[in-house]
$ cat start-v3.tsv   # TSV, C-alpha atoms and all ligand atoms
chain	number	residue	atom	x	y	z
A	1	MET	CA	114.94	60.21	78.23
A	2	SER	CA	111.31	60.97	79.01
A	3	SER	CA	108.57	59.90	76.63
A	4	ASN	CA	105.45	61.87	75.88
A	5	VAL	CA	103.25	58.97	74.84
A	6	SER	CA	99.83	59.81	76.29
A	7	SER	CA	101.44	62.13	78.84
A	8	LYS	CA	99.28	64.94	80.08
A	9	PHE	CA	100.40	68.56	80.23
A	10	VAL	CA	99.76	70.48	83.44
A	11	LEU	CA	100.27	74.24	83.73
A	12	ALA	CA	101.13	75.19	87.31
A	13	SER	CA	99.92	78.77	86.98
A	14	ALA	CA	96.89	80.94	87.64
A	15	SER	CA	97.99	83.41	84.99
A	16	PRO	CA	95.58	83.63	82.03
A	17	ARG	CA	98.45	85.13	79.99
A	18	ARG	CA	100.42	81.91	80.26
A	19	VAL	CA	97.48	79.84	78.98
A	20	GLU	CA	97.09	82.22	76.03
A	21	LEU	CA	100.80	82.12	75.25
A	22	LEU	CA	100.92	78.32	75.28
A	23	THR	CA	97.80	78.17	73.11
A	24	GLN	CA	99.67	80.32	70.59
A	25	ILE	CA	102.18	77.48	70.12
A	26	GLY	CA	99.56	74.74	70.08
A	27	ILE	CA	99.83	73.59	73.68
A	28	ILE	CA	96.47	73.33	75.42
A	29	PRO	CA	96.95	72.32	79.05
A	30	ASP	CA	95.06	69.20	80.13
A	31	ALA	CA	94.89	70.76	83.57
A	32	ILE	CA	95.59	74.11	85.19
A	33	ALA	CA	96.88	73.73	88.73
A	34	PRO	CA	97.90	77.05	90.31
A	35	ALA	CA	100.59	76.61	92.94
A	36	ASP	CA	100.01	78.45	96.17
A	37	ILE	CA	103.52	79.24	97.38
A	38	ASP	CA	105.12	82.03	99.38
A	39	GLU	CA	106.65	84.42	96.82
A	40	THR	CA	108.61	86.53	99.33
A	41	PRO	CA	112.24	87.04	98.23
A	42	LEU	CA	114.93	85.59	100.50
A	43	LYS	CA	117.40	87.94	102.12
A	44	ASP	CA	119.85	89.26	99.46
A	45	GLU	CA	118.27	87.07	96.77
A	46	SER	CA	118.91	88.43	93.28
A	47	PRO	CA	115.91	88.88	90.95
A	48	ARG	CA	117.38	86.22	88.65
A	49	ARG	CA	117.65	83.65	91.44
A	50	LEU	CA	114.21	84.61	92.74
A	51	ALA	CA	112.55	84.00	89.36
A	52	LEU	CA	114.26	80.62	89.05
A	53	ARG	CA	113.49	79.50	92.60
A	54	LEU	CA	109.82	80.48	92.40
A	55	ALA	CA	109.32	78.74	89.03
A	56	GLU	CA	110.89	75.57	90.46
A	57	GLU	CA	108.88	75.77	93.68
A	58	LYS	CA	105.63	76.25	91.75
A	59	ALA	CA	106.32	73.18	89.61
A	60	LYS	CA	107.36	71.06	92.60
A	61	ALA	CA	104.26	72.15	94.54
A	62	VAL	CA	101.85	70.60	92.06
A	63	VAL	CA	103.78	67.66	90.63
A	64	SER	CA	102.80	65.10	93.27
A	65	ALA	CA	99.10	65.56	92.45
A	66	HIS	CA	99.77	64.94	88.74
A	67	ASP	CA	101.62	61.68	88.40
A	68	GLY	CA	102.86	60.92	84.92
A	69	ALA	CA	102.33	64.43	83.56
A	70	TYR	CA	104.62	67.13	82.22
A	71	VAL	CA	104.35	70.05	84.65
A	72	LEU	CA	105.36	73.56	83.58
A	73	ALA	CA	105.63	76.57	85.88
A	74	ALA	CA	106.93	80.10	85.42
A	75	ASP	CA	107.61	83.23	87.37
A	76	THR	CA	108.11	86.80	86.21
A	77	VAL	CA	110.21	89.29	88.16
A	78	VAL	CA	110.90	92.90	87.15
A	79	ALA	CA	114.17	94.46	88.29
A	80	CYS	CA	114.95	98.16	88.12
A	81	GLY	CA	118.46	99.04	89.24
A	82	ARG	CA	118.95	97.14	92.47
A	83	ARG	CA	115.24	96.98	93.21
A	84	THR	CA	112.98	94.01	92.60
A	85	LEU	CA	109.49	95.13	91.61
A	86	GLY	CA	106.81	92.57	92.38
A	87	LYS	CA	103.09	92.93	91.88
A	88	PRO	CA	102.03	96.28	93.37
A	89	ASP	CA	99.83	96.08	96.46
A	90	ASP	CA	97.81	99.16	95.51
A	91	ALA	CA	97.64	102.14	93.13
A	92	ALA	CA	100.10	104.13	95.23
A	93	GLU	CA	102.72	101.43	94.88
A	94	ALA	CA	101.96	101.05	91.17
A	95	ARG	CA	102.53	104.82	90.79
A	96	LYS	CA	105.86	104.49	92.53
A	97	PHE	CA	106.94	101.59	90.28
A	98	LEU	CA	105.94	103.41	87.07
A	99	GLY	CA	107.86	106.48	88.25
A	100	MET	CA	110.93	104.30	88.73
A	101	LEU	CA	110.58	102.73	85.27
A	102	SER	CA	110.05	106.09	83.51
A	103	GLY	CA	112.80	106.92	81.02
A	104	ARG	CA	114.92	103.98	82.11
A	105	ARG	CA	116.07	100.53	81.16
A	106	HIS	CA	114.89	97.66	83.34
A	107	ARG	CA	115.16	93.89	83.23
A	108	VAL	CA	112.44	91.28	83.20
A	109	TYR	CA	113.53	87.87	84.50
A	110	GLY	CA	111.39	84.91	83.59
A	111	GLY	CA	111.95	81.65	85.43
A	112	VAL	CA	110.69	78.59	83.56
A	113	CYS	CA	110.62	75.08	85.02
A	114	VAL	CA	109.47	71.80	83.54
A	115	ILE	CA	109.21	68.49	85.39
A	116	ALA	CA	108.87	65.43	83.15
A	117	PRO	CA	106.78	62.33	83.92
A	118	ASP	CA	109.92	60.52	85.10
A	119	GLY	CA	110.67	63.28	87.60
A	120	ILE	CA	113.52	64.97	85.74
A	121	LEU	CA	113.47	68.74	86.39
A	122	ARG	CA	114.91	71.32	84.01
A	123	SER	CA	114.77	75.05	84.53
A	124	ARG	CA	116.27	78.27	83.28
A	125	VAL	CA	115.97	82.03	83.59
A	126	VAL	CA	115.34	84.27	80.60
A	127	GLU	CA	116.32	87.94	80.68
A	128	THR	CA	114.68	90.64	78.59
A	129	GLN	CA	115.69	94.28	78.73
A	130	VAL	CA	112.95	96.87	78.31
A	131	ILE	CA	113.44	100.62	77.87
A	132	PHE	CA	110.55	102.93	78.70
A	133	ARG	CA	110.14	106.45	77.38
A	134	ASN	CA	109.71	109.24	79.91
A	135	LEU	CA	106.31	109.05	81.57
A	136	ASN	CA	104.68	112.27	82.75
A	137	GLU	CA	102.03	112.52	85.44
A	138	GLY	CA	99.23	112.37	82.87
A	139	ASP	CA	100.62	109.16	81.38
A	140	ILE	CA	100.81	107.57	84.81
A	141	ASN	CA	97.35	108.79	85.90
A	142	ARG	CA	95.73	107.44	82.73
A	143	TYR	CA	97.52	104.15	83.10
A	144	LEU	CA	96.51	103.75	86.73
A	145	ALA	CA	92.88	104.46	85.80
A	146	SER	CA	92.99	101.52	83.36
A	147	ASP	CA	93.55	98.98	86.13
A	148	GLU	CA	95.91	97.06	83.82
A	149	TRP	CA	98.66	97.40	86.43
A	150	GLN	CA	96.85	95.10	88.85
A	151	GLY	CA	98.40	91.68	89.32
A	152	LYS	CA	101.33	92.50	87.01
A	153	ALA	CA	104.97	92.39	88.06
A	154	GLY	CA	106.43	95.91	87.82
A	155	ALA	CA	102.88	97.37	87.57
A	156	TYR	CA	102.57	97.18	83.81
A	157	ALA	CA	101.51	94.80	81.05
A	158	ILE	CA	103.44	95.13	77.81
A	159	GLN	CA	100.60	93.38	75.95
A	160	GLY	CA	98.15	96.20	76.79
A	161	LEU	CA	98.14	99.99	76.97
A	162	ALA	CA	101.70	100.07	78.31
A	163	ALA	CA	102.94	99.04	74.86
A	164	VAL	CA	103.20	102.76	74.06
A	165	PHE	CA	105.71	103.21	76.89
A	166	VAL	CA	108.14	100.72	75.36
A	167	ARG	CA	110.81	102.49	73.34
A	168	LYS	CA	112.95	99.42	72.91
A	169	ILE	CA	113.04	95.78	73.92
A	170	LEU	CA	116.05	93.46	73.84
A	171	GLY	CA	115.23	89.79	74.05
A	172	SER	CA	112.08	87.70	74.24
A	173	TYR	CA	108.75	89.57	74.12
A	174	SER	CA	106.75	86.60	75.39
A	175	ASN	CA	109.08	86.45	78.40
A	176	VAL	CA	107.85	89.91	79.41
A	177	VAL	CA	104.20	88.87	79.01
A	178	GLY	CA	104.83	85.89	81.32
A	179	LEU	CA	106.49	82.94	79.58
A	180	SER	CA	109.25	82.82	76.97
A	181	LEU	CA	107.77	80.56	74.30
A	182	TYR	CA	111.20	79.85	72.85
A	183	ASP	CA	112.44	78.57	76.19
A	184	ALA	CA	109.24	76.74	77.16
A	185	ASP	CA	109.36	74.88	73.84
A	186	ALA	CA	113.08	74.15	74.18
A	187	LEU	CA	112.70	72.74	77.70
A	188	LEU	CA	109.66	70.65	76.76
A	189	ARG	CA	111.27	69.26	73.60
A	190	GLY	CA	114.46	68.50	75.52
A	191	LEU	CA	112.40	66.36	77.88
A	192	GLY	CA	110.65	64.52	75.06
A	193	TYR	CA	107.34	66.38	74.87
A	194	THR	CA	105.82	67.51	71.60
A	195	PRO	CA	102.42	69.27	71.36
A	196	GLU	CA	101.31	67.14	68.39
A	197	ALA	CA	101.68	63.92	70.29
A	198	GLY	CA	101.13	65.28	73.76
A	201	LIG	C1	105.93	92.71	83.12
A	201	LIG	C2	104.62	92.00	82.83
A	201	LIG	C3	104.09	91.10	83.73
A	201	LIG	N1	102.90	90.47	83.48
A	201	LIG	C4	102.32	89.51	84.43
A	201	LIG	C5	102.70	88.06	84.12
A	201	LIG	C6	102.40	87.36	85.42
A	201	LIG	O1	101.05	86.90	85.41
A	201	LIG	C7	102.56	88.47	86.46
A	201	LIG	C8	103.73	88.17	87.36
A	201	LIG	O2	103.33	87.31	88.39
A	201	LIG	P1	103.78	85.80	88.57
A	201	LIG	O3	103.95	85.57	90.05
A	201	LIG	O4	104.92	85.48	87.68
A	201	LIG	O5	102.54	84.95	88.04
A	201	LIG	P2	101.03	84.93	88.54
A	201	LIG	O6	100.94	85.18	90.02
A	201	LIG	O7	100.21	85.83	87.65
A	201	LIG	O8	100.61	83.42	88.23
A	201	LIG	P3	101.21	82.08	88.90
A	201	LIG	O9	102.09	82.45	90.07
A	201	LIG	O10	100.02	81.26	89.32
A	201	LIG	O11	101.97	81.42	87.80
A	201	LIG	O12	102.78	89.68	85.76
A	201	LIG	C9	102.21	90.74	82.30
A	201	LIG	O13	101.12	90.18	82.07
A	201	LIG	N2	102.74	91.62	81.39
A	201	LIG	C10	103.91	92.27	81.61
A	201	LIG	O14	104.34	93.06	80.73
$ encode --input "start-v3.tsv" --output "structure tokens" --more "lines below"
Ligand SMILES: Cc1cn([C@H]2C[C@H](O)[C@@H](COP(=O)(O)OP(=O)(O)OP(=O)(O)O)O2)c(=O)[nH]c1=O
Amino acid sequence: MSSNVSSKFVLASASPRRVELLTQIGIIPDAIAPADIDETPLKDESPRRLALRLAEEKAKAVVSAHDGAYVLAADTVVACGRRTLGKPDDAAEARKFLGMLSGRRHRVYGGVCVIAPDGILRSRVVETQVIFRNLNEGDINRYLASDEWQGKAGAYAIQGLAAVFVRKILGSYSNVVGLSLYDADALLRGLGYTPEAG
């Protein structure tokens, strides 16, 4: 079993949302070490497997530079029908994604991976279902003008203006924002880390 005595906590993510979410549960990273990995899906890779693989690869990419630390990484993938919606390249792609999400149910898969100081790796995927109301052209135009779609999987951020699109959500809200706090806490505790002593 890993021990957290004087262990540092490293967040392997460039996402400011993930820092904010962890702060909410009293975890302030000692270091932020974004992992620069190729996020291209493999051939026939499901969104669930993609989210898990990328979270694991992000954690593994930074662990060697942070000996003796707990390393946490995450990845968020939006899936609509059989399509995986990544971060849109431009406004045209964001428009396409929002059109696909309009009036439908989609799934947000959050991969979470923790590597403990002794090298033990634990990971899981969290699924949240989100149902959007119908979006008309005005809704989409206003949303695109806000720029909130940029850098967000599926071209929306539930924590911002897009909250009004969300008719129903089934599962973890923080998973949609970028990191399920329930699951991050469960993985960290399972590996012996507690924020108080960390
Ligand atoms: C669906 C959704 C996604 N997002 C964001 C969370 C993630 O930052 C982003 C998905 O991209 P990710 O590749 O998961 O993360 P990232 O590139 O921002 O950071 P890093 O790889 O360094 O960890 O989309 C929201 O902020 N709100 C939402 O409602």
$ atom_distance --input "start-v3.tsv" --atom1 "CA of Leu85 in chain A" --atom2 "CA of Gly154 in chain A"
4.9 Å
$ residues_near_ligand --input "start-v3.tsv" --ligand "ligand LIG 201 (chain A)" --cutoff "8 Å" --atoms "all atoms listed in the file" --output "PyMOL selection string"
chain A and resi 12-18+34-36+39+51+55+58+73-78+86-87+108+110+151-160+162+176-179
$ residues_around --input "start-v3.tsv" --residues "Arg83 in chain A" --least-positions-apart "6" --cutoff "12 Å" --atoms "all atoms listed in the file" --output "ChimeraX atom specification"
/A:41,44-48,77,97,100-101,106-108,154
$ residues_near_point --input "start-v3.tsv" --point "(97.5, 99.4, 90.2)" --cutoff "8 Å" --atoms "only C-alpha atoms" --output "list in words"
Pro88, Asp89, Asp90, Ala91, Ala92, Glu93, Ala94, Arg95, Leu144, Asp147, Glu148, Trp149, Gln150, Gly151 and Ala155 of chain A
$ closest_residue --input "start-v3.tsv" --among "A:Ala145, A:Val114, A:Ser172, A:Lys60" --to "Val130 in chain A" --atoms "all atoms listed in the file"
A:Ser172
$ atom_distance --input "start-v3.tsv" --atom1 "CA of Asn141 in chain A" --atom2 "CA of Thr128 in chain A"
26.1 Å
$ closest_residue --input "start-v3.tsv" --among "A:Ile115, A:Leu98, A:Val62, A:Ile37" --to "Tyr193 in chain A" --atoms "all atoms listed in the file"
A:Ile115
$ residues_around --input "start-v3.tsv" --residues "range 7-11 of chain A" --least-positions-apart "6" --cutoff "9 Å" --atoms "only C-alpha atoms" --output "number ranges by chain"
A: 18-19, 27-34, 59, 62-63, 66, 68-73, 117, 193, 197-198
$ atom_distance --input "start-v3.tsv" --atom1 "CA of Phe165 in chain A" --atom2 "CA of Arg142 in chain A"
12.3 Å
$ closest_residue --input "start-v3.tsv" --among "A:Ala79, A:Leu161, A:Ala116, A:Leu135" --to "Leu187 in chain A" --atoms "all atoms listed in the file"
A:Ala116
$ closest_residue --input "start-v3.tsv" --among "A:Leu42, A:Ile169, A:Cys113, A:Val164" --to "Glu127 in chain A" --atoms "all atoms listed in the file"
A:Ile169
$ residues_around --input "start-v3.tsv" --residues "Arg133 in chain A" --least-positions-apart "5" --cutoff "8 Å" --atoms "all atoms listed in the file" --output "PDB file with C-alpha atoms, keeping the file's coordinate frame"
ATOM      1  CA  SER A 102     110.050 106.090  83.510  1.00  0.00           C
ATOM      2  CA  GLY A 103     112.800 106.920  81.020  1.00  0.00           C
ATOM      3  CA  ARG A 104     114.920 103.980  82.110  1.00  0.00           C
ATOM      4  CA  PHE A 165     105.710 103.210  76.890  1.00  0.00           C
ATOM      5  CA  VAL A 166     108.140 100.720  75.360  1.00  0.00           C
ATOM      6  CA  ARG A 167     110.810 102.490  73.340  1.00  0.00           C
TER       7      ARG A 167
END
$ closest_residue --input "start-v3.tsv" --among "A:Leu54, A:Lys43, A:Arg82, A:Leu191" --to "Gly119 in chain A" --atoms "only C-alpha atoms"
A:Leu191
$ closest_residue --input "start-v3.tsv" --among "A:Ser174, A:Asp118, A:Arg49, A:Gln129" --to "Gly81 in chain A" --atoms "all atoms listed in the file"
A:Gln129
$ build_atoms --input "start-v3.tsv" --residues "range 170-183 of chain A" --atoms "N, CA and C atoms" --output "PDB file, in the coordinates of the input"
ATOM      1  N   LEU A 170     114.946  94.344  74.259  1.00  0.00           N
ATOM      2  CA  LEU A 170     116.050  93.460  73.840  1.00  0.00           C
ATOM      3  C   LEU A 170     115.795  92.090  74.430  1.00  0.00           C
ATOM      4  N   GLY A 171     115.483  91.136  73.575  1.00  0.00           N
ATOM      5  CA  GLY A 171     115.230  89.790  74.050  1.00  0.00           C
ATOM      6  C   GLY A 171     113.803  89.361  73.788  1.00  0.00           C
ATOM      7  N   SER A 172     113.384  88.336  74.486  1.00  0.00           N
ATOM      8  CA  SER A 172     112.080  87.700  74.240  1.00  0.00           C
ATOM      9  C   SER A 172     110.923  88.587  74.697  1.00  0.00           C
ATOM     10  N   TYR A 173     109.966  88.830  73.765  1.00  0.00           N
ATOM     11  CA  TYR A 173     108.750  89.570  74.120  1.00  0.00           C
ATOM     12  C   TYR A 173     107.838  88.710  74.994  1.00  0.00           C
ATOM     13  N   SER A 174     107.673  87.434  74.615  1.00  0.00           N
ATOM     14  CA  SER A 174     106.750  86.600  75.390  1.00  0.00           C
ATOM     15  C   SER A 174     107.251  86.406  76.828  1.00  0.00           C
ATOM     16  N   ASN A 175     108.549  86.507  77.029  1.00  0.00           N
ATOM     17  CA  ASN A 175     109.080  86.450  78.400  1.00  0.00           C
ATOM     18  C   ASN A 175     108.521  87.576  79.244  1.00  0.00           C
ATOM     19  N   VAL A 176     108.380  88.762  78.649  1.00  0.00           N
ATOM     20  CA  VAL A 176     107.850  89.910  79.410  1.00  0.00           C
ATOM     21  C   VAL A 176     106.373  89.672  79.738  1.00  0.00           C
ATOM     22  N   VAL A 177     105.640  89.118  78.787  1.00  0.00           N
ATOM     23  CA  VAL A 177     104.200  88.870  79.010  1.00  0.00           C
ATOM     24  C   VAL A 177     104.017  87.798  80.108  1.00  0.00           C
ATOM     25  N   GLY A 178     104.971  86.869  80.247  1.00  0.00           N
ATOM     26  CA  GLY A 178     104.830  85.890  81.320  1.00  0.00           C
ATOM     27  C   GLY A 178     105.465  84.538  81.087  1.00  0.00           C
ATOM     28  N   LEU A 179     105.855  84.234  79.846  1.00  0.00           N
ATOM     29  CA  LEU A 179     106.490  82.940  79.580  1.00  0.00           C
ATOM     30  C   LEU A 179     107.201  83.003  78.237  1.00  0.00           C
ATOM     31  N   SER A 180     108.518  82.845  78.244  1.00  0.00           N
ATOM     32  CA  SER A 180     109.250  82.820  76.970  1.00  0.00           C
ATOM     33  C   SER A 180     108.856  81.551  76.208  1.00  0.00           C
ATOM     34  N   LEU A 181     108.228  81.725  75.068  1.00  0.00           N
ATOM     35  CA  LEU A 181     107.770  80.560  74.300  1.00  0.00           C
ATOM     36  C   LEU A 181     108.943  79.798  73.715  1.00  0.00           C
ATOM     37  N   TYR A 182     109.983  80.510  73.353  1.00  0.00           N
ATOM     38  CA  TYR A 182     111.200  79.850  72.850  1.00  0.00           C
ATOM     39  C   TYR A 182     111.730  78.879  73.909  1.00  0.00           C
ATOM     40  N   ASP A 183     111.831  79.374  75.130  1.00  0.00           N
ATOM     41  CA  ASP A 183     112.440  78.570  76.190  1.00  0.00           C
ATOM     42  C   ASP A 183     111.498  77.481  76.698  1.00  0.00           C
TER      43      ASP A 183
END
